[in-house]
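Structure, as structure tokens:
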Amino acid sequence: MDTVTLRNGNTMPQIMLGSFQMKSQDEMDGIVRAAVQGGAFGFDTSPSYKTEEPLANAIHSVMKEDSTIKREDFFLTSKIDSWQMIAKKGDIRSFVDSILKKTCLEYWDLLLIHWPQPENFVDTWKCMEKLYEEGIVKNIGICNCQVRQFRLLEQNANICPFVAQNEIHPMNIEQEVYEYCKEHDIVLEAYSPIARMLPMVKNNALLNILAAKYNMSVAQLMLKWHVQRGLVPVVKTSNPKRVEENTNLGPVVLEDADMKAISGLDQHFKIFMESRCCPGF
Amino acid sequence: MKKKYLPWIIGIALVLVLAALFIFGLWYIGILLLLLLAAGAVYVWVGRNRLSEKLLNKQKPTSYFTDLTGRNMAGLVVGGKKTWKYLELPKSADIYKAVTFGSSTPMLMNIVKTYFSHVKKQGDVYFVYDSEDMMFERQVTVEDNKFIHPHLFLEQKITIDNKAYAKSYDQDSKFMRDLMKNTFLKKCGEFHGSTWTLEEKVTGITEKTAEKVQALLENFVEFCRERDLKPHILLINKATQVEFRNNKLMTTLNKKYGTVASVIFNADELNRTVAD
């Protein structure tokens, strides 16, 4: 699997696997196994998904089964949720310590603020800066932020985020955030990168024509579009067979005109609306 | 007795009642009673189910976030009882309505905070303020929690008394009666041109509350502008002293922010202003 290099020199996988709404340990085990077999070692979790422990269990199982696989081979992302930020007024260290202890993982490769909860956003970030400096987390970043939240950190923080994760797909290309991240050397991750294959993408004429042209599925086409834009898609599937399809996109290169045509589908359509998920966002 | 058996028990009871009436030759009365009882059972069952939702959990259900309707809308309107009762917009208006059956002014701001993402950039957000209808200090109800994200309550340290407010709207006979009446009257065009003069008893608000209201409305204007949205404050006029206070408020806000506030006197004005 290809990697992308962050501003601090660390690397992360070009494609990450999500765990939102993954229901059971069995399901998690199946996905992690299939991913590792296919050479994909990047996983994304969050306290609100309730998948931190199942993910850690699956990873420990894989390492136990194959001693050549080490913790360092994985790139594990977790998040700090709004209720944690509110509960501790931004001093979220105890949550990080507690989950690392519970999962026997020692560190997160990437810790993200899940939503920029307005009251505690800056204080939480400052606490994460300390965790980063102490090596408890290897990289830090933010999710679901618009340019005004990036600017808020610019004014109040010491470290600029290394990674940002937003909902991005052809129906919502987040051009302003994309340009900001490019300018500030922030790696941009795209969650819901295939827009959950809603009918608006599944039945989209352009996407279907281009998928046929490049001999790939519509989902692969969208993932390829992300990768060529320089983004890291965080794709989720519950079907181990799909892991290969989602992580192995082949050597095909989309033409510039096709890249632009896909970006032209943008209609600012978000599945997860910011204010509904994070009031006052 | 386990709650899950309740529908079975109700069902069996209905059958027994019907059988008894049949035996005694009261077939027609039996059918009528059966229908009434079945309607009652459905009513109770629906209400009970809604109550059993875990309203106070820290995480909203996923469906709350993935409601795929109402994206990039032209506007959002928030308001209390009056707006709930009189606002009647054509679909073409493309306005997201977040109006409630009674709400405090701070709660309306919470509604703005929760629903503004439905509006496109440079879209309009209408805050309908009725000084007589909305108390400034009002305890939050379980109902409020149905449409406002619980994180706002956590953040604002607001606790909800579950027992005192455990009744949902569909169990409130007055609300259900009003809802049916209101829907019917709206359909008949009854509210066109309705004025609100002397509709309710006018109560005075203190100078301190008036200051709080002004601060909140200023906060609303700044909140919207920070998010590339156009704020509009509609002040409902009814009696003379309200009109005086509203005019003062309107002048102050407009002086500070340009034309953001206006006064409205009747239902037509409300609907016209929002739809335009």
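Ordering of the structure tokens sets the chain letters (A, B, ...); residue numbers start at 1 within each chain; ligands are numbered from 1 in the order shown.
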Using only C-alpha atoms, find each residue in chain A having at least one atom no more than 10 Å away from chain B; report its shortest atom-to-atom pair and that distance in Å (one decimal), rows by chain then rising number, as CSV.
residue,atom,partner,partner_atom,distance
A:Gln21,CA,B:Thr62,CA,9.0
A:Ser48,CA,B:Gln59,CA,7.6
A:Asp81,CA,B:Gln59,CA,9.9
A:Ser82,CA,B:His151,CA,7.4
A:Trp83,CA,B:His151,CA,6.6
A:Met85,CA,B:Glu155,CA,9.5
A:Ile86,CA,B:Glu155,CA,6.1
A:Ala87,CA,B:Leu154,CA,8.1
A:Lys89,CA,B:Glu155,CA,9.2
A:Gln117,CA,B:His151,CA,8.9
A:Pro118,CA,B:Glu155,CA,9.7
A:Glu119,CA,B:Glu155,CA,7.7
A:Asn120,CA,B:Glu155,CA,9.3
A:Gln146,CA,B:Arg227,CA,10.0
A:Arg148,CA,B:Glu226,CA,8.8
A:Gln267,CA,B:Asn72,CA,8.6
A:His268,CA,B:Asn72,CA,7.3
A:Phe269,CA,B:Arg71,CA,6.6
A:Lys270,CA,B:Arg71,CA,7.7
A:Ile271,CA,B:Thr66,CA,5.7
A:Phe272,CA,B:Phe65,CA,5.5
A:Met273,CA,B:Ser117,CA,6.0
A:Glu274,CA,B:Ser117,CA,6.2
A:Ser275,CA,B:Thr114,CA,4.8
A:Arg276,CA,B:Thr114,CA,5.1
A:Cys277,CA,B:Phe65,CA,6.2
A:Cys278,CA,B:Thr114,CA,7.4
A:Pro279,CA,B:Thr114,CA,4.5
A:Gly280,CA,B:Lys113,CA,4.4
A:Phe281,CA,B:Lys113,CA,7.5
Preceding selection exported with N, CA and C atoms as a short mmCIF file (atom, residue, chain, number, x, y, z; two decimals), in the first residue's frame:
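The result, written out as out.cif:
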data_model
loop_
_atom_site.label_atom_id
_atom_site.label_comp_id
_atom_site.auth_asym_id
_atom_site.auth_seq_id
_atom_site.Cartn_x
_atom_site.Cartn_y
_atom_site.Cartn_z
N GLN A 21 -20.25 2.12 12.60
CA GLN A 21 -21.39 1.19 12.53
C GLN A 21 -20.98 -0.27 12.31
N SER A 48 -17.21 7.14 19.85
CA SER A 48 -18.65 7.09 19.56
C SER A 48 -19.02 5.92 18.65
N ASP A 81 -14.33 12.71 21.19
CA ASP A 81 -15.70 13.11 20.88
C ASP A 81 -16.14 14.35 21.67
N SER A 82 -17.20 14.96 21.16
CA SER A 82 -17.67 16.22 21.78
C SER A 82 -18.01 16.05 23.26
N TRP A 83 -18.68 14.95 23.59
CA TRP A 83 -19.09 14.79 25.00
C TRP A 83 -17.87 14.69 25.91
N MET A 85 -15.00 16.24 25.27
CA MET A 85 -14.49 17.62 25.34
C MET A 85 -15.28 18.44 26.34
N ILE A 86 -16.60 18.22 26.34
CA ILE A 86 -17.46 18.99 27.25
C ILE A 86 -17.22 18.54 28.70
N ALA A 87 -17.18 17.21 28.86
CA ALA A 87 -17.05 16.66 30.23
C ALA A 87 -15.79 17.14 30.92
N LYS A 89 -13.87 19.78 29.85
CA LYS A 89 -13.55 21.15 29.40
C LYS A 89 -12.24 21.19 28.59
N GLN A 117 -16.33 21.13 18.68
CA GLN A 117 -17.31 21.59 19.67
C GLN A 117 -16.88 23.00 20.13
N PRO A 118 -17.70 24.01 19.86
CA PRO A 118 -17.22 25.40 19.94
C PRO A 118 -16.61 25.80 21.28
N GLU A 119 -17.23 25.39 22.37
CA GLU A 119 -16.78 25.87 23.67
C GLU A 119 -15.39 25.34 24.07
N ASN A 120 -15.06 24.15 23.62
CA ASN A 120 -13.84 23.51 24.12
C ASN A 120 -12.84 23.12 23.03
N GLN A 146 -14.29 23.71 9.09
CA GLN A 146 -14.28 24.64 7.97
C GLN A 146 -13.08 25.57 8.15
N ARG A 148 -12.83 28.59 8.90
CA ARG A 148 -12.83 29.45 10.09
C ARG A 148 -12.30 28.73 11.33
N GLN A 267 -22.36 19.46 -5.27
CA GLN A 267 -23.60 20.20 -4.99
C GLN A 267 -23.73 20.48 -3.50
N HIS A 268 -22.60 20.54 -2.82
CA HIS A 268 -22.56 20.81 -1.36
C HIS A 268 -23.51 19.88 -0.60
N PHE A 269 -23.59 18.66 -1.03
CA PHE A 269 -24.48 17.71 -0.36
C PHE A 269 -23.71 16.93 0.70
N LYS A 270 -24.09 17.12 1.95
CA LYS A 270 -23.43 16.38 3.02
C LYS A 270 -24.38 15.37 3.63
N ILE A 271 -23.85 14.20 3.92
CA ILE A 271 -24.66 13.20 4.61
C ILE A 271 -24.75 13.61 6.09
N PHE A 272 -23.61 13.97 6.64
CA PHE A 272 -23.55 14.37 8.05
C PHE A 272 -23.52 15.89 8.13
N MET A 273 -24.65 16.46 8.53
CA MET A 273 -24.71 17.92 8.58
C MET A 273 -24.08 18.42 9.87
N GLU A 274 -23.20 19.38 9.70
CA GLU A 274 -22.40 19.82 10.85
C GLU A 274 -23.24 20.24 12.05
N SER A 275 -24.21 21.11 11.82
CA SER A 275 -24.92 21.65 12.99
C SER A 275 -25.78 20.59 13.67
N ARG A 276 -26.20 19.56 12.92
CA ARG A 276 -26.99 18.51 13.55
C ARG A 276 -26.09 17.60 14.40
N CYS A 277 -24.84 17.47 13.97
CA CYS A 277 -23.91 16.61 14.71
C CYS A 277 -23.19 17.39 15.80
N CYS A 278 -22.95 18.66 15.54
CA CYS A 278 -22.17 19.48 16.47
C CYS A 278 -22.81 20.86 16.54
N PRO A 279 -23.84 21.01 17.36
CA PRO A 279 -24.58 22.28 17.38
C PRO A 279 -23.67 23.48 17.65
N GLY A 280 -23.94 24.54 16.92
CA GLY A 280 -23.13 25.75 17.09
C GLY A 280 -21.83 25.69 16.33
N PHE A 281 -21.60 24.58 15.66
CA PHE A 281 -20.40 24.26 14.89
C PHE A 281 -19.71 25.48 14.32
#
* Can you pull out every residue within 7 Å of Val163 in chain A, counting only C-alpha atoms, but drop anything in the same chain fewer than 2 positions away, and send it as a ChimeraX atom specification? => /A:140-142,161,165,186-188
Restricting the output to N, CA, C and O atoms, write the selected residues as a PDB file, in the first residue's frame.
ATOM      1  N   ILE A 140      -1.420  14.515  15.266  1.00  0.00           N
ATOM      2  CA  ILE A 140      -2.714  15.050  15.705  1.00  0.00           C
ATOM      3  C   ILE A 140      -3.403  15.801  14.567  1.00  0.00           C
ATOM      4  O   ILE A 140      -2.753  16.309  13.659  1.00  0.00           O
ATOM      5  N   GLY A 141      -4.717  15.835  14.669  1.00  0.00           N
ATOM      6  CA  GLY A 141      -5.472  16.510  13.618  1.00  0.00           C
ATOM      7  C   GLY A 141      -6.899  16.810  14.033  1.00  0.00           C
ATOM      8  O   GLY A 141      -7.277  16.617  15.198  1.00  0.00           O
ATOM      9  N   ILE A 142      -7.669  17.289  13.093  1.00  0.00           N
ATOM     10  CA  ILE A 142      -9.052  17.683  13.377  1.00  0.00           C
ATOM     11  C   ILE A 142      -9.999  17.123  12.306  1.00  0.00           C
ATOM     12  O   ILE A 142      -9.557  16.791  11.208  1.00  0.00           O
ATOM     13  N   PRO A 161      -2.576  21.511  12.608  1.00  0.00           N
ATOM     14  CA  PRO A 161      -2.931  20.090  12.432  1.00  0.00           C
ATOM     15  C   PRO A 161      -2.118  19.441  11.301  1.00  0.00           C
ATOM     16  O   PRO A 161      -1.839  20.085  10.300  1.00  0.00           O
ATOM     17  N   GLN A 165      -9.800  15.649   8.641  1.00  0.00           N
ATOM     18  CA  GLN A 165     -10.711  14.641   8.057  1.00  0.00           C
ATOM     19  C   GLN A 165     -12.102  15.260   7.892  1.00  0.00           C
ATOM     20  O   GLN A 165     -12.692  15.716   8.873  1.00  0.00           O
ATOM     21  N   ILE A 186      -1.371  20.266   4.990  1.00  0.00           N
ATOM     22  CA  ILE A 186      -2.153  19.396   5.885  1.00  0.00           C
ATOM     23  C   ILE A 186      -2.711  18.253   5.034  1.00  0.00           C
ATOM     24  O   ILE A 186      -3.312  18.512   3.982  1.00  0.00           O
ATOM     25  N   VAL A 187      -2.506  17.033   5.464  1.00  0.00           N
ATOM     26  CA  VAL A 187      -3.065  15.904   4.699  1.00  0.00           C
ATOM     27  C   VAL A 187      -4.567  15.844   4.957  1.00  0.00           C
ATOM     28  O   VAL A 187      -5.004  15.851   6.108  1.00  0.00           O
ATOM     29  N   LEU A 188      -5.312  15.810   3.887  1.00  0.00           N
ATOM     30  CA  LEU A 188      -6.772  15.814   4.015  1.00  0.00           C
ATOM     31  C   LEU A 188      -7.316  14.404   3.805  1.00  0.00           C
ATOM     32  O   LEU A 188      -7.072  13.773   2.776  1.00  0.00           O
TER      33      LEU A 188
END
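The environment of Cys160 in chain A within 12 Å, counting only C-alpha atoms and disregarding residues fewer than 6 places along the same chain, consists of A:Leu6, A:Arg7, A:Asn8, A:Val122, A:Trp125, A:Lys126, A:Met128, A:Glu129, A:Tyr132, A:Asn139, A:Ile140, A:Gly141, A:Ile142, A:Gln149, A:Phe150, A:Arg151, A:Leu152, A:Leu153, A:Glu154, A:Tyr180, A:Cys181, A:His184, A:Asp185, A:Ile186, A:Val187.
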Please produce an output containing C-alpha atoms for each residue in the selection, written as a PDB file, in the first residue's frame.
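Full text of result-v9.pdb as output:
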ATOM      1  CA  LEU A   6       2.865  14.248   6.759  1.00  0.00           C
ATOM      2  CA  ARG A   7       4.448  17.623   7.497  1.00  0.00           C
ATOM      3  CA  ASN A   8       6.397  16.175  10.442  1.00  0.00           C
ATOM      4  CA  VAL A 122      -9.076  25.281  21.354  1.00  0.00           C
ATOM      5  CA  TRP A 125      -6.351  21.059  20.806  1.00  0.00           C
ATOM      6  CA  LYS A 126      -3.855  22.455  23.325  1.00  0.00           C
ATOM      7  CA  MET A 128      -3.589  17.228  22.213  1.00  0.00           C
ATOM      8  CA  GLU A 129      -0.482  19.247  21.440  1.00  0.00           C
ATOM      9  CA  TYR A 132       1.821  14.785  20.732  1.00  0.00           C
ATOM     10  CA  ASN A 139       0.194  12.743  14.974  1.00  0.00           C
ATOM     11  CA  ILE A 140      -2.714  15.050  15.705  1.00  0.00           C
ATOM     12  CA  GLY A 141      -5.472  16.510  13.618  1.00  0.00           C
ATOM     13  CA  ILE A 142      -9.052  17.683  13.377  1.00  0.00           C
ATOM     14  CA  GLN A 149     -11.963  26.679  12.579  1.00  0.00           C
ATOM     15  CA  PHE A 150      -8.518  26.202  11.011  1.00  0.00           C
ATOM     16  CA  ARG A 151      -7.980  29.972  11.379  1.00  0.00           C
ATOM     17  CA  LEU A 152      -9.028  29.787  15.024  1.00  0.00           C
ATOM     18  CA  LEU A 153      -6.252  27.279  15.642  1.00  0.00           C
ATOM     19  CA  GLU A 154      -3.824  29.375  13.624  1.00  0.00           C
ATOM     20  CA  TYR A 180      -6.517  25.613   2.728  1.00  0.00           C
ATOM     21  CA  CYS A 181      -5.022  22.207   3.510  1.00  0.00           C
ATOM     22  CA  HIS A 184      -0.746  24.662   4.789  1.00  0.00           C
ATOM     23  CA  ASP A 185       0.606  21.203   3.991  1.00  0.00           C
ATOM     24  CA  ILE A 186      -2.153  19.396   5.885  1.00  0.00           C
ATOM     25  CA  VAL A 187      -3.065  15.904   4.699  1.00  0.00           C
TER      26      VAL A 187
END
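Taking CA of Thr100 in chain B and CA of Asn247 in chain B as endpoints, the distance between them is 24.8 Å.
Interatomic distance, CA of Gly135 in chain A against CA of Leu105 in chain A: 13.0 Å.
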* Asked: So which residues touch Lys202 in chain A within 12 Å, counting only C-alpha atoms, skipping near sequence neighbours fewer than 3 positions away, as a PyMOL selection string?
  -> chain A and resi 170-171+194-199+205-209+211+217-222
* To do: Taking the chain letters and numbering used in this document, name the residues of range 220-278 of chain A that DSSP puts in helix (DSSP H, G or I), as JSON, numbers by chain.
  => {"A": [220, 221, 222, 223, 224, 225, 226, 227, 228, 229, 240, 241, 242, 243, 244, 245, 246, 247, 256, 257, 258, 259, 260, 261, 262, 263, 274, 275, 276, 277]}
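Distance-wise, CA of Leu33 in chain B and CA of Trp8 in chain B end up 18.0 Å apart.
Between Val77 in chain B and the candidates B:Tyr126, B:Phe265, B:Leu32, B:Gln214, the tightest atom-to-atom separation, counting only C-alpha atoms, involves B:Tyr126.
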* For Glu52 in chain A, list every protein, DNA or RNA residue within 12 Å, evaluated using only C-alpha atoms, and leave out those in the same chain fewer than 3 positions away; present the list as a ChimeraX atom specification. => /A:18-22,24-25,28,43-49,55-59,76-80,96,98-105,108
* Asked: Residues at most 6 Å from Glu167 in chain A, counting only C-alpha atoms, excluding those fewer than 6 positions away in the same chain, as a PyMOL selection string?
  -> chain A and resi 190-192
Take the selection from the previous step and output its residues with N, CA and C atoms, as a short mmCIF file (atom, residue, chain, number, x, y, z; two decimals), in the first residue's frame.
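Here's the written file part-v7.cif:
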data_model
loop_
_atom_site.label_atom_id
_atom_site.label_comp_id
_atom_site.auth_asym_id
_atom_site.auth_seq_id
_atom_site.Cartn_x
_atom_site.Cartn_y
_atom_site.Cartn_z
N ALA A 190 -10.70 11.92 3.56
CA ALA A 190 -12.10 12.02 3.14
C ALA A 190 -12.88 10.88 3.77
N TYR A 191 -13.82 11.23 4.66
CA TYR A 191 -14.71 10.15 5.14
C TYR A 191 -15.99 10.14 4.30
N SER A 192 -16.71 9.05 4.36
CA SER A 192 -17.82 8.80 3.41
C SER A 192 -17.36 9.09 1.99
#
* Asked: Which is closest to Val119 in chain B among B:Lys81, B:Lys230, B:Lys248, B:Lys91, if we use only C-alpha atoms?
  -> B:Lys230
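The residues of range 71-272 of chain A that DSSP classifies as strand (DSSP E), using the backbone of this structure, are Phe75, Leu76, Thr77, Ser78, Lys79, Ile80, Leu110, Leu111, Leu112, Ile113, Ile140, Gly141, Ile142, Cys143, Val163, Ala164, Gln165, Asn166, Glu167, Val187, Leu188, Glu189, Ala190, Tyr191, Val232, Pro233, Val234 and Val235 of chain A.
For Pro233 in chain A, the list of residues within 7 Å, based on only C-alpha atoms and with local chain neighbours fewer than 6 positions off taken out, reads Ile15, Met16, Glu189, Ala190, Tyr191, Pro193, Leu223 and His226 of chain A.
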